[in-house]
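Read the structure below first, then the notes.
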Amino acid sequence: MTPASKNETDGKRMKVAVVIVAAGRGERAGQGDGPKQYRRIGGRAVIAHTLEAFLSHPLVDVVAVAIHPDDGELFQQATAGLDAKRIIPVFGGATRQQSVRLGLLALAGHDPTHVLIHDAVRPFVKADLIGRTIAAIGENEGALPALPVADTLKREAHDGTVAATVPRAGLHGAQTPQGFPFAPILAAHEKAHQAGRSDFTDDSAIAEWANMPVRLVAGSPDNVKLTWARDIAMADQKLGHGHSSFPDTRTGNGYDVHAFEPGDHVTLCGVRIAHDKRLSGHSDADVGLHALTDALLATCGAGDIGAHFPPSDPQWKGAASHLFVEHAAAIVRGRGGRIANADITLICEAPKIGPHRAAMTATLAEMLKISPDRISIKATTNEKLGFVGREEGIAAIATASVIYPGEVPE
């Protein structure tokens with residue numbers, strides 16, 4: 001259950017969905033490196049940054065992403081490591097308006113009460129903007145983040161000269177995410193579709209046309225839309241690929257324990273070791289890899305092993321634990337992380353770990369795609385104390401260090 005499912009509005013359970021519009025070709029940014037939503041900034045695709053902003057927000061339940069039919073592989077690569085269970089890819093249409101409608105229809109079966117509609121190429125949207133947009137959505141009223149126009153506006157004449165100066169009082173530049181009660185905005189889009197209208201430039205315009213009030217909320221100057229190639233280059237520098245970034249090194253810890261039961265071997269750090277007992281667990285009960293999985297997930301706030309591989313799910317019965325580590329490593333890499341070090345301590349009276357350390361190190365190096373000198377596997381006894389000392393089970397402690405893209409100082 002996601003945090004949003006616990007929220008209620010006026011006594012009714014609030015369920016917030018999101019439509020991310022990502023089906024455009026982005027011609028103004030050039031096509032040399034593919035559509036702009038898949039260009040890399042800070043080591044990751046633009047759309048990955050955008051999706052993570054919404055998936056990590058405590059009020060968001062599910063996200064539909066309208067993609068171009070030709071971009072399936074690009075989308076899969078860009079979203080590796082994100083919470084796939086909460087992402088619904090749907091093929092978009094020829095226009096932004098068509099893509100939003102198709103995204104809304106894809107969400108209808110999930111019964112959302114609120115929906116946010118956002119451009120994939122606004123990767124710097126922050127949690128506070130998302131939160132205040134949701135808070136401003138009424139029962140039949142939309143919410144539009146916007147900034148007052150600061151520049152003096154000129155209307156151009158046919159000959160290229162200035163025809164008039166336009167008063168800027170009361171004028172705002174619209175941003176996304178734009179928020180709406182779900183059923184009314186879906187109805188408005190359907191009404192526009194049936195009427196053959198395809199000229200709306202954003203969703204608040206459709207809401208206005210359908211007589212739905214739209215309330216302005218404070219936008220953010222950081223919530224820029226990446227339109228031109230230079231925008232993407234500047235965004236990449238902002239996220240740490242320039243010269244003025246701080247490294248972001250994070251350390252995560254994990255702990256696991258499994259009891260012994262009758263058997264003829266144990267699996268530790270991916271290596272099968274003959275023994276007069278086996279470890280009891282839903283999977284192969286590899287305490288070393290379970291602890292490492294938690295340590296990796298901890299470096300990017302991605303929950304724990306139970307959230308990704310619940311013991312109640314029969315598909316993980318007897319599963320090899322390298323699947324868990326590889327999944328966690330993919331999440332880390334999907335968020336721009338580089339695994340710098342993995343350190344595992346196995347706590348047991350038996351079996352002896354020393355003879356198997358080299359094989360364990362090689363196995364982990366392959367799982368994590370790092371060199372063996374970045375892996376440490378140690379073992380210690382519990383001096384005959386406690387459940388480990390009585391040889392009732394094995395415990396493991398793991399630490400992982402991951403370097404993420406740096407942040408530009410304020």
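Following the order of the structure tokens, chains are lettered A, B, ..., residues in each are numbered from 1, and ligands are numbered from 1.
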Inset, instruction - Run DSSP on the backbone and grab whatever in segment 219-265 of chain A lands in strand (DSSP E); send it over as a PyMOL selection string. - result: chain A and resi 246-262+265
Inset, instruction - Extract the full set of helix (DSSP H, G or I) residues from segment 68-269 of chain A according to DSSP on the backbone, and format it as JSON, numbers by chain. - result: {"A": [69, 70, 71, 72, 73, 74, 75, 76, 77, 78, 84, 85, 86, 96, 97, 98, 99, 100, 101, 102, 103, 104, 105, 106, 107, 108, 109, 110, 127, 128, 129, 130, 131, 132, 133, 134, 135, 136, 182, 183, 184, 185, 186, 187, 188, 189, 190, 191, 192, 193, 194, 203, 204, 205, 206, 207, 208, 209, 229, 230, 231, 232, 233, 234, 235, 236, 237, 238, 239, 240, 241]}
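Atom to atom, atom CA of Val325 of chain A and atom CA of Phe260 of chain A stand 22.3 Å apart.
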Legend entry - Selection: 8 Å around Ser204 of chain A, only C-alpha atoms, excl. self and same-chain fewer than 6 positions, as a list in words: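 Here the qualifying residues turn out to be Gly142, Leu144, Gln178 and Val214 of chain A.
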Legend entry - Å distance separating atom CA of Trp316 of chain A from atom CA of Glu366 of chain A, one decimal place: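 Computing it gives 21.6 Å between the two atoms.
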Inset, instruction - Within 8 Å of segment 342-347 of chain A, counting only C-alpha atoms, which residues show up once you throw out same-chain ones fewer than 3 positions away? Write them as a list of chain:residue names, please. - result: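 Listed by chain and then number, they are A:Gly288, A:Ala291, A:Leu292, A:Ile339, A:Arg374, A:Ile375, A:Ser376, A:Ile377, A:Lys378, A:Ala379, A:Thr380, A:Thr381, A:Asn382, A:Val388, A:Ile394, A:Ala395, A:Ala396, A:Ile397, A:Ala398, A:Thr399, A:Ala400, A:Ser401.
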Legend entry - Point-to-point distance in Å for atom CA of His322 of chain A and atom CA of Met367 of chain A: 6.9 Å
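Of the listed residues (A:Arg155, A:Pro262, A:Arg101, A:Gln77), A:Arg101 comes nearest to His193 of chain A; the distances count only C-alpha atoms.
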